[in-house]
>>> print(open('target24.cif').read())   # mmCIF, C-alpha atoms
data_target
loop_
_atom_site.label_atom_id
_atom_site.label_comp_id
_atom_site.auth_asym_id
_atom_site.auth_seq_id
_atom_site.Cartn_x
_atom_site.Cartn_y
_atom_site.Cartn_z
CA MET A 161 116.69 -165.57 22.25
CA SER A 162 119.17 -162.74 22.55
CA ARG A 163 121.04 -160.42 20.27
CA ARG A 164 124.12 -162.56 20.87
CA LYS A 165 122.63 -165.24 18.67
CA PRO A 166 124.90 -165.39 15.57
CA GLU A 167 122.20 -164.98 12.93
CA LEU A 168 120.87 -161.87 14.69
CA GLN A 169 124.20 -160.08 15.05
CA ALA A 170 124.07 -158.46 11.62
CA LEU A 171 120.75 -158.64 9.80
CA ASP A 172 121.08 -157.56 6.16
CA LEU A 173 117.50 -156.60 5.37
CA THR A 174 118.43 -155.44 1.87
CA ILE A 175 118.56 -159.05 0.67
CA TRP A 176 115.33 -160.11 2.36
CA PRO A 177 112.54 -161.02 -0.08
CA THR A 178 109.67 -158.55 0.09
CA VAL A 179 105.91 -158.96 -0.23
CA ALA A 180 103.48 -158.08 -3.02
CA TRP A 181 101.53 -155.22 -1.47
CA THR A 182 98.78 -155.31 -4.08
CA GLU A 183 97.64 -158.71 -2.81
CA PHE A 184 96.45 -157.36 0.55
CA ASP A 185 93.76 -155.01 1.76
CA ALA A 186 94.45 -151.89 3.83
CA PRO A 187 94.27 -153.52 7.32
CA ALA A 188 96.60 -156.35 6.26
CA ARG A 189 99.09 -153.88 4.77
CA THR A 190 99.07 -151.90 8.01
CA ARG A 191 99.84 -155.00 10.09
CA ILE A 192 102.66 -156.05 7.80
CA LYS A 193 104.19 -152.56 7.77
CA LEU A 194 104.19 -152.41 11.58
CA ARG A 195 105.96 -155.76 11.73
CA MET A 196 108.46 -154.61 9.12
CA GLN A 197 109.14 -151.45 11.12
CA ALA A 198 109.73 -153.55 14.24
CA ILE A 199 112.31 -155.72 12.47
CA GLU A 200 113.98 -152.71 10.83
CA ARG A 201 114.29 -150.99 14.21
CA TYR A 202 115.69 -154.18 15.72
CA ALA A 203 118.26 -154.43 12.92
CA ARG A 204 119.35 -150.84 13.65
CA GLY A 205 120.00 -151.82 17.27
CA GLU A 206 117.13 -149.98 18.98
CA PRO A 207 116.06 -151.25 22.42
CA VAL A 208 113.26 -153.79 22.37
CA LYS A 209 111.17 -151.71 24.79
CA ASP A 210 111.24 -148.77 22.37
CA ILE A 211 110.25 -151.09 19.53
CA GLU A 212 107.29 -152.38 21.54
CA HIS A 213 106.13 -148.86 22.32
CA ALA A 214 106.49 -147.58 18.73
CA THR A 215 105.06 -150.51 16.78
CA GLY A 216 102.90 -152.46 19.23
CA VAL A 217 104.85 -155.66 18.47
CA ASN A 218 105.74 -157.26 21.79
CA ARG A 219 109.04 -158.92 22.61
CA ARG A 220 107.88 -162.51 22.16
CA GLN A 221 106.19 -161.77 18.85
CA LEU A 222 109.26 -159.92 17.57
CA TYR A 223 111.59 -162.83 18.24
CA ARG A 224 109.07 -165.24 16.75
CA LEU A 225 108.89 -163.14 13.57
CA LEU A 226 112.68 -163.11 13.35
CA ASP A 227 112.80 -166.89 13.66
CA ARG A 228 110.17 -167.27 10.94
CA ALA A 229 111.88 -164.79 8.64
CA LEU A 230 115.18 -166.68 8.80
CA GLU A 231 113.60 -170.01 7.85
CA LEU A 232 114.58 -171.36 4.44
CA HIS A 233 111.97 -171.06 1.68
CA HIS A 234 111.59 -173.75 -0.97
CA ASP A 235 112.99 -171.33 -3.57
CA GLY A 236 116.38 -171.49 -1.84
CA ARG A 237 116.20 -168.11 -0.11
CA ILE A 238 115.07 -167.21 3.38
CA TYR A 239 111.44 -166.24 3.90
CA GLY A 240 112.41 -162.69 4.79
CA PHE A 241 109.51 -160.25 4.96
CA ARG A 242 107.23 -162.90 3.45
CA ALA A 243 107.15 -164.54 6.88
CA LEU A 244 105.38 -161.48 8.30
CA ILE A 245 102.19 -162.30 6.40
CA ALA A 246 99.51 -163.72 8.65
CA HIS A 247 98.78 -167.46 8.39
CA VAL A 248 101.83 -168.18 6.21
CA ARG A 249 103.27 -171.58 7.13
CA VAL A 250 107.07 -171.61 7.14
CA ALA A 251 107.45 -175.25 8.23
CA GLU A 252 105.60 -178.45 7.53
CA TYR A 253 103.11 -179.61 10.13
CA VAL A 254 104.41 -182.53 12.22
CA ARG A 255 102.00 -184.34 14.53
CA VAL A 256 103.45 -185.51 17.84
CA ARG A 257 100.34 -186.35 19.87
CA PRO A 258 98.53 -189.68 19.48
CA VAL A 259 95.48 -189.66 17.22
CA THR A 260 92.24 -189.23 19.16
CA VAL A 261 89.30 -188.97 16.79
CA GLN A 262 86.39 -186.81 17.93
CA GLY A 263 83.08 -185.63 16.54
CA GLU A 264 79.87 -187.39 15.61
CA ARG A 265 81.23 -188.62 12.30
CA GLY A 266 84.65 -189.45 13.70
CA SER A 267 86.62 -186.98 11.62
CA ARG A 268 87.84 -184.34 14.08
CA GLY A 269 91.23 -184.41 15.75
CA ALA A 270 93.02 -186.28 12.95
CA VAL A 271 95.20 -183.50 11.54
CA GLY A 272 98.56 -184.95 10.51
CA ALA A 273 97.43 -188.49 11.32
CA LEU A 274 98.26 -189.86 7.87
CA SER A 275 101.82 -188.54 8.04
CA LEU A 276 102.16 -190.09 11.48
CA LEU A 277 100.88 -193.40 10.08
CA PHE A 278 103.46 -193.37 7.29
CA GLU A 279 106.19 -192.53 9.79
CA ARG A 280 105.18 -195.42 12.01
CA TYR A 281 104.83 -197.87 9.11
CA PRO A 282 107.39 -196.97 6.40
CA THR A 283 106.26 -199.92 4.28
CA LEU A 284 102.94 -198.16 3.70
CA ALA A 285 104.71 -195.07 2.36
CA GLY A 286 106.86 -197.24 0.11
CA TRP A 287 103.81 -199.10 -1.16
CA LEU A 288 102.03 -195.84 -1.99
CA ARG A 289 105.04 -194.47 -3.90
CA LEU A 290 105.18 -197.70 -5.88
CA GLN A 291 101.49 -197.41 -6.81
CA LEU A 292 102.01 -193.87 -8.06
CA LYS A 293 105.07 -194.92 -10.02
CA GLN A 294 103.01 -197.65 -11.67
CA ARG A 295 100.33 -195.05 -12.56
CA ARG A 296 97.56 -196.68 -10.58
CA VAL A 297 95.87 -193.28 -10.41
CA LYS A 298 95.65 -190.52 -12.98
CA LEU A 299 95.46 -186.79 -12.47
CA ASP A 300 92.94 -184.75 -14.46
CA GLN A 301 92.90 -180.97 -14.53
CA ARG A 302 89.36 -179.62 -14.44
CA HIS A 303 89.96 -175.98 -15.38
CA THR A 304 92.53 -173.19 -15.05
CA ASP A 305 90.28 -170.43 -13.77
CA GLY A 306 92.13 -169.11 -10.73
CA ALA A 307 93.73 -171.81 -8.58
CA LEU A 308 94.67 -175.22 -9.91
CA HIS A 309 91.75 -177.68 -9.68
CA THR A 310 92.46 -181.37 -10.23
CA ARG A 311 90.65 -184.68 -9.92
CA LEU A 312 92.02 -188.18 -9.33
CA ARG A 313 90.90 -191.18 -11.33
CA GLY A 314 91.30 -194.56 -9.65
CA LEU A 315 91.24 -193.20 -6.11
CA GLN A 316 88.55 -195.60 -4.85
CA ALA A 317 90.48 -198.68 -5.94
CA LEU A 318 93.70 -197.27 -4.49
CA HIS A 319 91.94 -196.52 -1.20
CA THR A 320 90.59 -200.07 -0.95
CA GLU A 321 94.05 -201.54 -1.47
CA PHE A 322 95.48 -199.02 0.99
CA LEU A 323 93.15 -200.28 3.72
CA GLN A 324 94.19 -203.85 2.95
CA GLN A 325 97.84 -202.87 3.30
CA CYS A 326 97.03 -201.24 6.65
CA ARG A 327 95.52 -204.50 7.92
CA GLN A 328 98.56 -206.46 6.76
CA VAL A 329 100.99 -204.28 8.73
CA GLY A 330 98.94 -204.69 11.91
CA VAL A 331 96.66 -201.65 12.04
CA THR A 332 93.54 -202.62 14.00
CA ALA A 333 89.94 -201.48 13.63
CA ALA A 334 90.35 -199.16 16.62
CA ASP A 335 93.28 -197.33 15.02
CA TYR A 336 93.54 -194.69 12.35
CA PRO A 337 92.36 -194.81 9.55
CA PHE A 338 89.67 -197.37 10.42
CA ASN A 339 88.27 -195.27 13.27
CA THR A 340 87.25 -192.40 10.97
CA ALA A 341 84.05 -191.98 8.98
CA GLY A 342 85.65 -192.04 5.52
CA HIS A 343 88.62 -194.23 6.46
CA ALA A 344 90.96 -191.32 5.59
CA ILE A 345 90.06 -191.23 1.90
CA ARG A 346 90.22 -187.43 1.81
CA SER A 347 93.62 -187.38 3.50
CA LEU A 348 94.86 -190.03 1.08
CA SER A 349 93.57 -187.98 -1.86
CA ALA A 350 95.37 -184.85 -0.66
CA CYS A 351 98.57 -186.84 -0.08
CA VAL A 352 98.44 -188.40 -3.55
CA LYS A 353 97.81 -185.05 -5.24
CA ALA A 354 100.69 -183.42 -3.39
CA GLU A 355 103.03 -186.25 -4.36
CA LEU A 356 101.96 -186.18 -8.01
CA LEU A 357 102.39 -182.41 -8.23
CA ARG A 358 105.74 -182.47 -6.47
CA SER A 359 107.60 -182.27 -9.78
CA PHE A 360 106.76 -181.65 -13.42
CA GLY A 361 107.74 -185.18 -14.41
CA THR A 362 105.43 -186.95 -11.98
CA ALA A 363 102.55 -184.60 -12.82
CA ALA A 364 103.03 -185.17 -16.55
CA ARG A 365 103.16 -188.95 -16.15
CA ALA A 366 100.07 -188.93 -13.95
CA ALA A 367 98.27 -186.93 -16.65
CA GLY A 368 99.09 -189.63 -19.22
CA ALA A 369 102.34 -188.44 -20.81
CA SER A 370 104.47 -191.32 -22.09
CA HIS A 371 107.50 -189.52 -23.53
CA LEU A 372 109.18 -186.73 -21.59
CA LYS A 373 112.15 -184.87 -23.00
CA GLY A 374 114.53 -182.51 -21.30
CA LEU A 375 113.49 -183.44 -17.77
CA PRO A 376 115.96 -183.90 -14.90
CA ARG A 377 117.49 -187.29 -14.32
CA PRO A 378 115.76 -189.53 -11.76
CA ASP A 379 118.41 -188.74 -9.16
CA ASP A 380 117.68 -185.01 -9.55
CA GLU A 381 113.93 -185.20 -8.97
CA ALA A 382 114.21 -184.00 -5.39
CA GLY A 383 113.71 -180.49 -6.73
CA ALA A 384 115.58 -177.52 -8.03
CA PRO A 385 118.68 -176.54 -6.06
CA ALA A 386 118.91 -173.41 -3.97
CA ALA A 387 119.74 -170.54 -6.31
CA SER A 388 123.28 -169.46 -5.48
CA ARG A 389 124.16 -167.74 -8.77
CA PRO A 390 122.33 -165.91 -11.58
CA TYR A 391 120.62 -167.97 -14.28
CA GLN A 392 120.80 -171.12 -12.18
CA VAL A 393 117.07 -171.22 -11.35
CA VAL A 394 114.29 -169.11 -12.87
CA GLU A 395 110.58 -168.93 -12.14
CA PHE A 396 107.68 -168.65 -14.54
CA ASP A 397 104.69 -166.86 -12.99
CA GLY A 398 101.31 -165.98 -14.41
CA HIS A 399 99.65 -162.98 -12.74
CA LYS A 400 95.96 -162.40 -13.35
CA LEU A 401 94.97 -158.74 -13.63
CA ASP A 402 91.25 -158.33 -13.06
CA ILE A 403 90.81 -155.12 -15.00
CA ARG A 404 88.29 -154.20 -17.67
CA LEU A 405 89.70 -152.71 -20.86
CA LYS A 406 87.98 -151.53 -24.00
CA VAL A 407 89.53 -151.64 -27.46
CA VAL A 408 88.10 -149.32 -30.11
CA VAL A 409 88.68 -150.25 -33.76
CA SER A 410 87.75 -148.03 -36.71
CA ASP A 411 86.66 -149.79 -39.89
CA PRO A 412 87.23 -148.45 -43.46
CA LEU A 413 83.84 -146.69 -43.34
CA GLY A 414 84.84 -144.70 -40.28
CA LEU A 415 82.57 -146.59 -37.92
CA LYS A 416 83.96 -147.46 -34.51
CA HIS A 417 83.61 -150.91 -33.01
CA GLU A 418 84.21 -151.50 -29.31
CA PHE A 419 85.51 -154.74 -27.84
CA GLU A 420 85.68 -155.26 -24.09
CA ILE A 421 88.53 -157.26 -22.58
CA GLU A 422 87.58 -158.88 -19.29
CA ARG A 423 90.98 -160.08 -18.13
CA VAL A 424 94.68 -159.50 -18.71
CA TRP A 425 97.47 -161.95 -17.86
CA LEU A 426 101.00 -160.80 -17.11
CA LEU A 427 103.44 -163.67 -17.71
CA VAL A 428 106.98 -163.17 -16.41
CA ILE A 429 110.19 -165.13 -16.03
CA ILE A 430 112.24 -164.07 -13.00
CA ASP A 431 115.75 -165.06 -11.98
CA VAL A 432 115.49 -166.50 -8.46
CA CYS A 433 118.95 -165.43 -7.29
CA THR A 434 118.85 -161.78 -8.35
CA ARG A 435 115.04 -161.36 -8.68
CA ALA A 436 115.66 -159.68 -12.03
CA VAL A 437 112.88 -159.93 -14.62
CA LEU A 438 114.29 -161.63 -17.70
CA GLY A 439 111.20 -161.19 -19.87
CA TYR A 440 107.45 -160.70 -19.83
CA HIS A 441 104.44 -161.15 -22.08
CA LEU A 442 100.92 -159.69 -21.90
CA VAL A 443 97.94 -161.88 -22.80
CA LEU A 444 94.64 -160.16 -23.57
CA ALA A 445 92.42 -163.18 -23.00
CA ARG A 446 90.56 -165.01 -20.25
CA GLU A 447 93.25 -167.71 -20.09
CA TYR A 448 96.77 -168.05 -21.40
CA SER A 449 97.92 -171.03 -23.44
CA ARG A 450 101.13 -172.94 -24.01
CA TYR A 451 101.89 -170.66 -26.95
CA ASP A 452 101.89 -167.68 -24.59
CA VAL A 453 104.29 -169.53 -22.29
CA ILE A 454 106.60 -170.19 -25.25
CA LYS A 455 106.40 -166.52 -26.21
CA THR A 456 107.39 -165.52 -22.68
CA ILE A 457 110.40 -167.84 -22.77
CA GLU A 458 111.36 -166.43 -26.16
CA LYS A 459 111.26 -162.87 -24.83
CA ALA A 460 113.35 -163.88 -21.82
CA LEU A 461 116.09 -165.28 -24.07
CA GLU A 462 116.20 -162.56 -26.71
CA PRO A 463 118.19 -159.35 -26.15
CA HIS A 464 116.11 -156.36 -25.10
CA PRO A 465 116.72 -153.15 -27.04
CA ALA A 466 116.41 -149.92 -25.12
CA ARG A 467 113.00 -148.28 -25.43
CA ILE A 468 112.55 -144.72 -26.61
CA PHE A 469 110.21 -142.89 -24.23
CA SER A 470 107.90 -140.14 -25.44
CA ILE A 471 107.18 -138.73 -21.98
CA PRO A 472 109.55 -135.85 -21.17
CA GLY A 473 111.92 -136.64 -18.32
CA LEU A 474 111.25 -140.39 -18.40
CA ALA A 475 114.45 -142.35 -18.97
CA TYR A 476 116.39 -145.36 -17.74
CA GLY A 477 118.28 -144.95 -14.49
CA THR A 478 121.84 -146.04 -13.87
CA HIS A 479 120.83 -149.52 -12.77
CA ASP A 480 117.55 -149.86 -14.71
CA GLY A 481 116.77 -152.14 -17.61
CA TYR A 482 116.98 -155.85 -18.35
CA PRO A 483 120.17 -157.81 -17.63
CA SER A 484 120.83 -158.22 -21.36
CA GLN A 485 120.67 -154.43 -21.76
CA ARG A 486 123.40 -153.85 -19.20
CA LEU A 487 125.45 -156.91 -20.15
CA PRO A 488 125.03 -157.71 -23.87
CA GLU A 489 126.78 -161.05 -23.41
CA LEU A 490 123.70 -162.26 -21.47
CA ALA A 491 121.63 -162.34 -24.66
CA TYR A 492 120.38 -165.88 -25.39
CA VAL A 493 121.87 -167.21 -22.15
CA ALA A 494 119.81 -170.20 -21.01
CA TRP A 495 119.11 -171.18 -17.43
CA GLU A 496 119.64 -174.54 -15.75
CA TRP A 497 116.30 -174.96 -13.95
CA ILE A 498 112.88 -173.45 -14.49
CA LYS A 499 110.01 -173.55 -12.00
CA LEU A 500 106.57 -173.41 -13.56
CA ASP A 501 103.46 -171.86 -12.05
CA ASN A 502 101.56 -175.15 -11.50
CA ALA A 503 102.23 -175.95 -15.18
CA LYS A 504 98.79 -174.46 -15.85
CA ALA A 505 99.35 -173.97 -19.55
#
>>> encode(input="target24.cif", output="structure tokens")
Amino acid sequence: MSRRKPELQALDLTIWPTVAWTEFDAPARTRIKLRMQAIERYARGEPVKDIEHATGVNRRQLYRLLDRALELHHDGRIYGFRALIAHVRVAEYVRVRPVTVQGERGSRGAVGALSLLFERYPTLAGWLRLQLKQRRVKLDQRHTDGALHTRLRGLQALHTEFLQQCRQVGVTAADYPFNTAGHAIRSLSACVKAELLRSFGTAARAAGASHLKGLPRPDDEAGAPAASRPYQVVEFDGHKLDIRLKVVVSDPLGLKHEFEIERVWLLVIIDVCTRAVLGYHLVLAREYSRYDVIKTIEKALEPHPARIFSIPGLAYGTHDGYPSQRLPELAYVAWEWIKLDNAKA
């Protein structure tokens, strides 16, 4: 790679998505900052040798980071500085080598084997999509504490039929998935969950919903478009704040009662194109509910009056505030697409 490559001629780092620094410890922040400095120096036109000496990022790693940063994210933007985070995958894994199962239980060396099987036998992939469309399996959510935890009902029966379909298309006992200990049931489970959670409609149907209103048409289920203008696509995110707060309430007799709050949720709706926060809502509870989600949407649609600050010298800047504060005509403007945070509520 050279600087003559078109996408590296003029890097506009001001539009690159950044990272959430609070999610990393001190060593991780240091590594990310060094990589950011290397890219910033490269964008200013400094020699690569000087960049290597100043940041410790060698030439090959620098060009690899640039390639990763310019990859397209599923939110429609490039990865930007998010690609500098260690172990972040910017492209789907594609297996090219033949499957050679190793290990005592016959489960090692099969990464990406199921995708390779579907690519080799497209009828199997079509059969699986048909089973999911017919709701042969159901998706149950176990709890919402932290990451999304789900469980499939009907997986054993689906797996048995899947093996029968494999035999019908010509897969032998010496081939994957028959040469593994569990006959790829875990890989099939992960594949089914990913397919069911691919869109809100499929996840809702798998959970038992029979009537869905306001969802995209079937030809639009490939996903939200890349955000090219404001209010085209917004994101709903729930951020867990692990802080301990204490609320003191005085009763009519003058006695004070203390209540400890173990967790605070910050719910926000962000415009994907401009990254402007349209509204937020604080939840003083262990988990947030659908009513809190509705409240967040309500606050994102309503106009935001300017706050009066009591701290001397604290005031809005020239470009500060919500969009509806700067442009009153944006009050009650609705978006076209909304991305939910795993639809946890």
>>> atom_distance(input="target24.cif", atom1="CA of Cys326 (chain A)", atom2="CA of Leu284 (chain A)")
7.3 Å
>>> residues_near_point(input="target24.cif", point="(84.9, -157.3, -20.5)", cutoff="9 Å", atoms="only C-alpha atoms", output="list in words")
Ile403, Arg404, Leu405, Lys406, Phe419, Glu420, Ile421, Glu422 and Arg423 of chain A
>>> write_last_selection(input="target24.cif", atoms="C-alpha atoms", output="CSV table (one decimal), in the coordinates of the input")
chain,number,residue,atom,x,y,z
A,403,ILE,CA,90.8,-155.1,-15.0
A,404,ARG,CA,88.3,-154.2,-17.7
A,405,LEU,CA,89.7,-152.7,-20.9
A,406,LYS,CA,88.0,-151.5,-24.0
A,419,PHE,CA,85.5,-154.7,-27.8
A,420,GLU,CA,85.7,-155.3,-24.1
A,421,ILE,CA,88.5,-157.3,-22.6
A,422,GLU,CA,87.6,-158.9,-19.3
A,423,ARG,CA,91.0,-160.1,-18.1
>>> residues_around(input="target24.cif", residues="Phe278 (chain A)", least_positions_apart="5", cutoff="12 Å", atoms="all atoms listed in the file", output="list in words")
Val254, Arg255, Gly272, Ala273, Thr283, Leu284, Ala285, Gly286, Trp287, Leu288, Arg289, Phe322, Gln325, Cys326, Val329, Val331, Tyr336, Pro337, Leu348 and Cys351 of chain A
>>> resolve_selection(input="target24.cif", expression="the PyMOL selection byres ((chain A and resi 426-439) around 10)", output="number ranges by chain")
A: 175, 177, 235-237, 386-401, 424-425, 440-444, 448, 452-453, 455-464, 481-484, 495, 498-501
>>> closest_atom_pairs(input="target24.cif", of="region 168-198 of chain A", to="region 216-222 of chain A", cutoff="8 Å", atoms="all atoms listed in the file", output="JSON lines")
{"residue": "A:Leu194", "atom": "CA", "partner": "A:Val217", "partner_atom": "CA", "distance": 7.6}
{"residue": "A:Arg195", "atom": "CA", "partner": "A:Val217", "partner_atom": "CA", "distance": 6.8}
{"residue": "A:Ala198", "atom": "CA", "partner": "A:Val217", "partner_atom": "CA", "distance": 6.8}
>>> resolve_selection(input="target24.cif", expression="the PyMOL selection byres ((chain A and resi 174) around 12)", output="JSON, numbers by chain")
{"A": [170, 171, 172, 173, 175, 176, 177, 178, 200, 203, 240, 241]}
>>> write_last_selection(input="target24.cif", atoms="C-alpha atoms", output="short mmCIF file (atom, residue, chain, number, x, y, z; two decimals), in the frame of the given file")
data_model
loop_
_atom_site.label_atom_id
_atom_site.label_comp_id
_atom_site.auth_asym_id
_atom_site.auth_seq_id
_atom_site.Cartn_x
_atom_site.Cartn_y
_atom_site.Cartn_z
CA ALA A 170 124.07 -158.46 11.62
CA LEU A 171 120.75 -158.64 9.80
CA ASP A 172 121.08 -157.56 6.16
CA LEU A 173 117.50 -156.60 5.37
CA ILE A 175 118.56 -159.05 0.67
CA TRP A 176 115.33 -160.11 2.36
CA PRO A 177 112.54 -161.02 -0.08
CA THR A 178 109.67 -158.55 0.09
CA GLU A 200 113.98 -152.71 10.83
CA ALA A 203 118.26 -154.43 12.92
CA GLY A 240 112.41 -162.69 4.79
CA PHE A 241 109.51 -160.25 4.96
#
>>> atom_distance(input="target24.cif", atom1="CA of Val250 (chain A)", atom2="CA of His234 (chain A)")
9.5 Å
>>> atom_distance(input="target24.cif", atom1="CA of Ala180 (chain A)", atom2="CA of Leu230 (chain A)")
18.7 Å
>>> resolve_selection(input="target24.cif", expression="the PyMOL selection byres ((chain A and resi 349) around 10)", output="list of chain:residue names")
A:Arg311, A:Leu312, A:Leu315, A:Gln316, A:Leu318, A:His319, A:Ala344, A:Ile345, A:Arg346, A:Ser347, A:Leu348, A:Ala350, A:Cys351, A:Val352, A:Lys353, A:Ala354, A:Glu355
>>> build_atoms(input="target24.cif", residues="region 173-189 of chain A", atoms="N, CA and C atoms", output="tab-separated table (two decimals), keeping the file's coordinate frame")
chain	number	residue	atom	x	y	z
A	173	LEU	N	118.88	-156.62	5.85
A	173	LEU	CA	117.50	-156.60	5.37
A	173	LEU	C	117.40	-156.27	3.89
A	174	THR	N	118.48	-155.80	3.29
A	174	THR	CA	118.43	-155.44	1.87
A	174	THR	C	118.29	-156.67	0.98
A	175	ILE	N	118.66	-157.83	1.48
A	175	ILE	CA	118.56	-159.05	0.67
A	175	ILE	C	117.33	-159.87	1.04
A	176	TRP	N	116.53	-159.37	1.97
A	176	TRP	CA	115.33	-160.11	2.36
A	176	TRP	C	114.27	-159.99	1.27
A	177	PRO	N	113.65	-161.10	0.87
A	177	PRO	CA	112.54	-161.02	-0.08
A	177	PRO	C	111.39	-160.20	0.50
A	178	THR	N	110.76	-159.42	-0.35
A	178	THR	CA	109.67	-158.55	0.09
A	178	THR	C	108.32	-159.20	-0.22
A	179	VAL	N	107.26	-158.45	-0.01
A	179	VAL	CA	105.91	-158.96	-0.23
A	179	VAL	C	105.26	-158.16	-1.35
A	180	ALA	N	104.25	-158.76	-1.97
A	180	ALA	CA	103.48	-158.08	-3.02
A	180	ALA	C	102.33	-157.33	-2.35
A	181	TRP	N	102.49	-156.02	-2.22
A	181	TRP	CA	101.53	-155.22	-1.47
A	181	TRP	C	100.15	-155.23	-2.10
A	182	THR	N	100.07	-155.38	-3.41
A	182	THR	CA	98.78	-155.31	-4.08
A	182	THR	C	97.88	-156.49	-3.75
A	183	GLU	N	98.43	-157.53	-3.13
A	183	GLU	CA	97.64	-158.71	-2.81
A	183	GLU	C	96.86	-158.58	-1.51
A	184	PHE	N	97.04	-157.48	-0.78
A	184	PHE	CA	96.45	-157.36	0.55
A	184	PHE	C	95.57	-156.11	0.63
A	185	ASP	N	94.60	-156.17	1.53
A	185	ASP	CA	93.76	-155.01	1.76
A	185	ASP	C	94.46	-154.05	2.73
A	186	ALA	N	93.82	-152.93	3.01
A	186	ALA	CA	94.45	-151.89	3.83
A	186	ALA	C	94.80	-152.37	5.24
A	187	PRO	N	93.90	-153.06	5.97
A	187	PRO	CA	94.27	-153.52	7.32
A	187	PRO	C	95.45	-154.49	7.31
A	188	ALA	N	95.48	-155.39	6.33
A	188	ALA	CA	96.60	-156.35	6.26
A	188	ALA	C	97.91	-155.63	5.97
A	189	ARG	N	97.87	-154.64	5.07
A	189	ARG	CA	99.09	-153.88	4.77
A	189	ARG	C	99.59	-153.14	6.01
